[in-house]
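Everything below concerns the one structure shown next.
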Amino acid sequence: MLQLYMPLHFLGFVYREIKHSLADMEKMFGLLAEHEEIKDKPGATDLIPGNAAVRFEDVNFSYEPNRQILFDVSFDIPAGGNVAVVGHSGSGKSTLARLLFRFYDVSSGRILINGQNISDVTQKSLRAAVGIVPQDSVLFNDSIYYNIAYGRPEASRDEVLEAARSAHIHDFVESLPDKYETTVGERGLKLSGGEKQRVAIARAILKKPAILIFDEATSALDSKSEKSIQAELKRVATNRTTLTIAHRLSTIVDADQILVMDKGRIAERGNHRELLAANGAYSYMWRLQQQEEQTRLQLLDNMRLE
Ligand code: ATP
């Protein structure tokens with residue numbers, strides 16, 4: 001029996017490895033198709049995240065020659081601080097996040113973490129220090145357990161389950177017939193946008209990164225899911241240096257600093273109160289979003305009365 005079991009067990013192992021490699025390759029090719037791979041400089045040293053203060057210093061950037069995307073972007077996120085970025089679609093918000101993760105190198109200027117230029121450190125150490133909760137998380141065609149544990153593969157089962165509890169996804173997972181062994185992703189159980197984001201939050205909680213990037217989903221979740229995800233994120237972000245790319249201004253009123261991007265430049269900066277008082281682009285966007293919200297609530301009320 002053992003003679004039969006061993007080869008089958010081995011085949012199972014090979015199948016699992018190939019499956020993971022394919023999922024990773026799909027992701028890799030998606031990225032490679034976009035840009036050339038960034039390489040460690042000779043003699044690159046490991047990043048020491050320390051207090052993880054982030055500094056963008058006169059950053060200019062182009063994906064392609066002759067089309068500059070970012071112009072002289074400078075800002076600081078003090079250690080443990082929270083900076084939010086808002087602005088029209090295409091103004092360069094997500095590009096800031098991609099540069100901080102060093103998916104691309106800046107064209108000129110510097111990005112510093114704890115005083116170290118991120119282009120001089122090993123990518124492995126940089127990516128261990130930075131966690132991303134993206135707009136639309138890619139889930140591997142594997143178990144929910146694997147998808148959460150990916151945040152820190154050496155974590156114990158208790159730690160994985162604890163992260164799932166903190167991200168408020170544990171009860172949902174326990175309600176599924178195969179619980180944590182349920183296969184998700186393209187060829188598995190399709191999770192809703194909110195559930196996928198919770199898996200990504202659990203991954204980030206498990207990873208315990210010094211710096212957290214949160215790219216808010218453009219498509220609004222229902223307001224109950226939205227509120228609970230916001231509350232969970234707030235908990236994860238406590239005492240962590242955080243960069244939030246925001247689409248709804250209501251979610252970032254508490255940010256230490258808000259950057260308003262316009263065509264690749266920081267057009268305004270300040271906290272919510274200061275920006276409202278400045279009566280510029282931010283206060284205009286705020287009034288517009290408030291009106292939209294009121295109209296939406298009124299429509300809902302009307303529907304209830306009918
Ligand atoms: P949104 O709110 O719609 O997510 P954004 O403010 O985050 O937009 P970015 O994704 O940073 O905008 O894009 C800024 C500009 O860079 C856009 O004009 C976009 O077309 C361009 N861009 C983004 N990714 C690439 C790429 N891989 N190659 C070339 N140009 C790109």
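To be explicit about the labels: the chains of the structure tokens are called A, B, and onward in the order shown, and within each one the residues are counted from 1, while ligands get numbers from 1 in the order they are shown.
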
Task: Selection as a ChimeraX atom specification: residues within 9 Å of ligand 1 by only C-alpha atoms and all ligand atoms - done: /A:31,33-35,62-64,67-70,85-98,135,215,217-218,245-247,261-264

Task: strand (DSSP E) call set, DSSP backbone run, range 124-171 of chain A, as a list in words - done: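 Filtering range 124-171 of chain A down to strand (DSSP E) leaves Val130, Gly131, Ile132 and Val133 of chain A.
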
For the selection just defined, write its residues with N, CA and C atoms to a file, as an mmCIF file, in the first residue's frame.
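Produced file result22.cif, reproduced below:
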```
data_model
loop_
_atom_site.group_PDB
_atom_site.id
_atom_site.type_symbol
_atom_site.label_atom_id
_atom_site.label_comp_id
_atom_site.auth_asym_id
_atom_site.auth_seq_id
_atom_site.Cartn_x
_atom_site.Cartn_y
_atom_site.Cartn_z
ATOM 1 N N VAL A 130 7.087 46.103 3.132
ATOM 2 C CA VAL A 130 5.924 46.841 2.608
ATOM 3 C C VAL A 130 4.792 45.858 2.300
ATOM 4 N N GLY A 131 3.619 46.112 2.836
ATOM 5 C CA GLY A 131 2.445 45.285 2.542
ATOM 6 C C GLY A 131 1.472 46.079 1.698
ATOM 7 N N ILE A 132 0.833 45.395 0.737
ATOM 8 C CA ILE A 132 -0.142 46.100 -0.100
ATOM 9 C C ILE A 132 -1.488 45.416 0.016
ATOM 10 N N VAL A 133 -2.543 46.207 0.239
ATOM 11 C CA VAL A 133 -3.899 45.696 0.071
ATOM 12 C C VAL A 133 -4.391 46.348 -1.216
#
```

Residue neighbourhood Ile266 in chain A, 9 Å, only C-alpha atoms, exclusion window fewer than 3 positions, as a compact mmCIF listing (two decimals) with C-alpha atoms, in the first residue's frame:
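In the end it all went to out.txt:
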```txt
# COMPACT_ATOMS: atom_id res chain seq x y z
CA PHE A 71 6.46 65.83 -11.74
CA ASP A 72 8.62 66.87 -8.74
CA VAL A 73 6.62 64.92 -6.17
CA SER A 74 7.88 65.47 -2.61
CA LEU A 259 -2.25 64.99 -1.02
CA VAL A 260 -4.43 66.15 -3.91
CA MET A 261 -2.88 64.99 -7.20
CA ASP A 262 -3.56 66.76 -10.47
CA LYS A 263 -1.91 65.59 -13.70
CA ARG A 269 -1.86 69.30 0.65
```

Open item on the list: Which residues are close to range 252-257 of chain A, i.e. within 8 Å by only C-alpha atoms, leaving aside same-chain residues fewer than 6 positions away? Reply as a VMD selection string.
Closed with: chain A and resid 81 to 84 246 269 to 272

File of the preceding selection, N, CA and C atoms, as a PDB file, in the first residue's frame:
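Just written: result-v1.pdb:
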```
ATOM      1  N   GLY A  81       2.775  57.395  10.682  1.00  0.00           N
ATOM      2  CA  GLY A  81       1.806  58.375  10.181  1.00  0.00           C
ATOM      3  C   GLY A  81       0.968  57.817   9.046  1.00  0.00           C
ATOM      4  N   ASN A  82      -0.029  58.600   8.641  1.00  0.00           N
ATOM      5  CA  ASN A  82      -0.981  58.139   7.646  1.00  0.00           C
ATOM      6  C   ASN A  82      -1.215  59.239   6.620  1.00  0.00           C
ATOM      7  N   VAL A  83      -0.765  58.999   5.389  1.00  0.00           N
ATOM      8  CA  VAL A  83      -0.975  59.986   4.316  1.00  0.00           C
ATOM      9  C   VAL A  83      -1.933  59.386   3.297  1.00  0.00           C
ATOM     10  N   ALA A  84      -2.893  60.193   2.852  1.00  0.00           N
ATOM     11  CA  ALA A  84      -3.854  59.729   1.850  1.00  0.00           C
ATOM     12  C   ALA A  84      -3.648  60.524   0.568  1.00  0.00           C
ATOM     13  N   ALA A 246      -7.087  56.894  -2.125  1.00  0.00           N
ATOM     14  CA  ALA A 246      -8.521  56.937  -1.807  1.00  0.00           C
ATOM     15  C   ALA A 246      -9.361  57.408  -2.992  1.00  0.00           C
ATOM     16  N   ARG A 269      -2.116  70.257  -0.436  1.00  0.00           N
ATOM     17  CA  ARG A 269      -1.859  69.302   0.646  1.00  0.00           C
ATOM     18  C   ARG A 269      -2.272  69.900   1.984  1.00  0.00           C
ATOM     19  N   GLY A 270      -2.658  69.054   2.905  1.00  0.00           N
ATOM     20  CA  GLY A 270      -3.086  69.506   4.226  1.00  0.00           C
ATOM     21  C   GLY A 270      -4.008  68.462   4.815  1.00  0.00           C
ATOM     22  N   ASN A 271      -4.484  68.689   6.055  1.00  0.00           N
ATOM     23  CA  ASN A 271      -5.472  67.731   6.559  1.00  0.00           C
ATOM     24  C   ASN A 271      -6.861  68.169   6.085  1.00  0.00           C
ATOM     25  N   HIS A 272      -7.863  67.358   6.405  1.00  0.00           N
ATOM     26  CA  HIS A 272      -9.216  67.587   5.875  1.00  0.00           C
ATOM     27  C   HIS A 272      -9.705  69.009   6.180  1.00  0.00           C
TER      28      HIS A 272
END
```

Open item on the list: For the structure I just gave you, how does DSSP split range 97-176 of chain A - specifically, which residues are alpha helix (DSSP H)? Reply as number ranges by chain.
Closed with: A: 97-100, 123-129, 144-149, 157-166, 170-174

Export N, CA and C atoms of the chosen residues as a short mmCIF file (atom, residue, chain, number, x, y, z; two decimals), in the first residue's frame?
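Dumped everything to again-v5.cif:
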```
data_model
loop_
_atom_site.label_atom_id
_atom_site.label_comp_id
_atom_site.auth_asym_id
_atom_site.auth_seq_id
_atom_site.Cartn_x
_atom_site.Cartn_y
_atom_site.Cartn_z
N ALA A 97 2.19 54.41 -5.38
CA ALA A 97 2.25 53.15 -4.64
C ALA A 97 3.20 52.18 -5.34
N ARG A 98 3.12 52.10 -6.68
CA ARG A 98 3.99 51.16 -7.42
C ARG A 98 5.45 51.53 -7.23
N LEU A 99 5.75 52.83 -7.16
CA LEU A 99 7.14 53.26 -7.00
C LEU A 99 7.65 52.94 -5.59
N LEU A 100 6.77 53.09 -4.59
CA LEU A 100 7.17 52.79 -3.21
C LEU A 100 7.48 51.30 -3.05
N GLN A 123 15.56 43.93 -3.06
CA GLN A 123 14.10 43.96 -3.21
C GLN A 123 13.42 43.05 -2.21
N LYS A 124 14.08 41.95 -1.88
CA LYS A 124 13.48 40.99 -0.94
C LYS A 124 13.20 41.70 0.39
N SER A 125 14.21 42.47 0.86
CA SER A 125 14.03 43.13 2.16
C SER A 125 13.01 44.26 2.06
N LEU A 126 12.98 44.93 0.88
CA LEU A 126 12.01 46.02 0.70
C LEU A 126 10.59 45.45 0.71
N ARG A 127 10.40 44.37 -0.04
CA ARG A 127 9.05 43.81 -0.16
C ARG A 127 8.59 43.12 1.12
N ALA A 128 9.56 42.74 1.96
CA ALA A 128 9.18 42.17 3.26
C ALA A 128 8.68 43.29 4.18
N ALA A 129 9.14 44.52 3.92
CA ALA A 129 8.78 45.63 4.82
C ALA A 129 7.50 46.34 4.39
N ILE A 144 -8.18 28.75 0.77
CA ILE A 144 -8.23 30.06 1.44
C ILE A 144 -7.06 30.13 2.41
N TYR A 145 -6.74 28.98 3.04
CA TYR A 145 -5.62 28.95 3.99
C TYR A 145 -4.33 29.39 3.31
N TYR A 146 -4.04 28.79 2.14
CA TYR A 146 -2.81 29.13 1.41
C TYR A 146 -2.80 30.61 1.06
N ASN A 147 -3.97 31.11 0.64
CA ASN A 147 -4.05 32.50 0.20
C ASN A 147 -3.78 33.49 1.33
N ILE A 148 -4.16 33.12 2.56
CA ILE A 148 -3.87 34.02 3.69
C ILE A 148 -2.42 33.82 4.14
N ALA A 149 -2.01 32.54 4.23
CA ALA A 149 -0.66 32.22 4.72
C ALA A 149 0.43 32.79 3.82
N ARG A 157 -0.42 27.78 12.11
CA ARG A 157 -1.85 27.74 11.79
C ARG A 157 -2.63 28.71 12.71
N ASP A 158 -2.25 28.73 14.00
CA ASP A 158 -2.93 29.63 14.94
C ASP A 158 -2.81 31.08 14.49
N GLU A 159 -1.63 31.45 14.00
CA GLU A 159 -1.42 32.84 13.56
C GLU A 159 -2.27 33.15 12.32
N VAL A 160 -2.37 32.15 11.41
CA VAL A 160 -3.17 32.36 10.19
C VAL A 160 -4.64 32.57 10.59
N LEU A 161 -5.14 31.71 11.50
CA LEU A 161 -6.54 31.82 11.91
C LEU A 161 -6.79 33.13 12.67
N GLU A 162 -5.80 33.55 13.44
CA GLU A 162 -5.94 34.80 14.20
C GLU A 162 -6.04 36.00 13.23
N ALA A 163 -5.22 35.94 12.16
CA ALA A 163 -5.27 37.02 11.15
C ALA A 163 -6.64 37.03 10.48
N ALA A 164 -7.18 35.83 10.20
CA ALA A 164 -8.50 35.73 9.55
C ALA A 164 -9.57 36.29 10.49
N ARG A 165 -9.45 36.03 11.78
CA ARG A 165 -10.41 36.58 12.75
C ARG A 165 -10.33 38.09 12.75
N SER A 166 -9.11 38.63 12.80
CA SER A 166 -8.96 40.10 12.84
C SER A 166 -9.51 40.74 11.58
N HIS A 170 -13.05 34.92 9.28
CA HIS A 170 -13.01 33.59 9.88
C HIS A 170 -14.40 32.91 9.90
N ASP A 171 -15.42 33.64 10.39
CA ASP A 171 -16.74 33.01 10.51
C ASP A 171 -17.27 32.60 9.14
N PHE A 172 -17.04 33.45 8.14
CA PHE A 172 -17.47 33.12 6.78
C PHE A 172 -16.77 31.84 6.32
N VAL A 173 -15.47 31.75 6.54
CA VAL A 173 -14.69 30.58 6.08
C VAL A 173 -15.20 29.32 6.79
N GLU A 174 -15.45 29.45 8.10
CA GLU A 174 -15.92 28.30 8.87
C GLU A 174 -17.30 27.83 8.40
#
```

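One distance worth recording is that between CA of Ser283 in chain A and CA of Val236 in chain A, which is 28.4 Å.
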
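Across A:Thr242, A:Ile205, A:Pro177, A:Ser119, the tightest approach to Arg152 in chain A is made by A:Ile205 when counting only C-alpha atoms.
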
Open item on the list: Would you pick out the contacts of Asp76 in chain A at 7 Å or less, using only C-alpha atoms, so that residues sharing its chain but fewer than 2 positions from it are not included, and give the list as a PyMOL selection string?
Closed with: chain A and resi 54-56+78

Just write the chosen residues, N, CA and C atoms, as a PDB file, in the first residue's frame.
```
ATOM      1  N   VAL A  54       8.800  57.435   5.624  1.00  0.00           N
ATOM      2  CA  VAL A  54       8.891  57.402   4.155  1.00  0.00           C
ATOM      3  C   VAL A  54       9.083  58.820   3.630  1.00  0.00           C
ATOM      4  N   ARG A  55       9.982  58.980   2.667  1.00  0.00           N
ATOM      5  CA  ARG A  55      10.173  60.303   2.060  1.00  0.00           C
ATOM      6  C   ARG A  55      10.255  60.199   0.543  1.00  0.00           C
ATOM      7  N   PHE A  56       9.385  60.925  -0.159  1.00  0.00           N
ATOM      8  CA  PHE A  56       9.520  61.091  -1.613  1.00  0.00           C
ATOM      9  C   PHE A  56      10.214  62.435  -1.804  1.00  0.00           C
ATOM     10  N   PRO A  78       5.632  60.546   8.204  1.00  0.00           N
ATOM     11  CA  PRO A  78       6.420  60.277   9.411  1.00  0.00           C
ATOM     12  C   PRO A  78       6.158  58.844   9.885  1.00  0.00           C
TER      13      PRO A  78
END
```

- [ ] Name the closest residue to Leu206 in chain A among the candidates A:Leu288, A:Leu243, A:Leu233, A:Ala167; distances are taken between atoms, counting only C-alpha atoms.
- [x] A:Ala167

Open item on the list: Taking only C-alpha atoms into account, name the residue in A:Thr238, A:Pro134, A:Asn66, A:Phe75 that is nearest to Glu268 in chain A.
Closed with: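 Between A:Thr238, A:Pro134, A:Asn66, A:Phe75, the residue approaching Glu268 in chain A most closely is A:Phe75.
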
TODO: Point out the residue among A:Glu216, A:Glu154, A:Asp105, A:Asp120 with the least atom-to-atom distance to Ile48 in chain A, counting only C-alpha atoms.
DONE: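 Using only C-alpha atoms, the shortest distance to Ile48 in chain A belongs to A:Asp120.
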
TODO: Check the smallest atom-to-atom distance from each of A:Asn302, A:Arg265, A:Ala52, A:Tyr150 to Lys207 in chain A using only C-alpha atoms, then report the winner.
DONE: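 Selected residue with least distance to Lys207 in chain A: A:Tyr150.
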
Residues within 9 Å of Glu186 in chain A, please, as an mmCIF file with C-alpha atoms, in the first residue's frame. Count only C-alpha atoms; anything in the same chain fewer than 2 positions from it doesn't count.
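The resulting around.cif:
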```cif
data_model
loop_
_atom_site.group_PDB
_atom_site.id
_atom_site.type_symbol
_atom_site.label_atom_id
_atom_site.label_comp_id
_atom_site.auth_asym_id
_atom_site.auth_seq_id
_atom_site.Cartn_x
_atom_site.Cartn_y
_atom_site.Cartn_z
ATOM 1 C CA LEU A 139 -6.197 35.112 -5.347
ATOM 2 C CA PHE A 140 -4.255 31.970 -6.172
ATOM 3 C CA ASN A 141 -6.182 28.908 -7.339
ATOM 4 C CA VAL A 184 -10.791 29.949 -4.325
ATOM 5 C CA GLY A 188 -12.497 27.797 -7.429
ATOM 6 C CA LEU A 189 -15.154 29.468 -5.324
ATOM 7 C CA LYS A 190 -15.707 33.021 -6.524
#
```

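Across the structure, CA of Gln230 in chain A and CA of Ala202 in chain A are spaced 13.5 Å apart.
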
TODO: Have a look at CA of Met285 in chain A and CA of Val106 in chain A and let me know their distance in Å, one decimal.
DONE: 29.4 Å

Task: Pick from A:Leu275, A:Ala44, A:Val138, A:Ala237, whichever lies nearest to Ala210 in chain A using only C-alpha atoms - done: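 Among A:Leu275, A:Ala44, A:Val138, A:Ala237, it is A:Ala237 that comes nearest to Ala210 in chain A.
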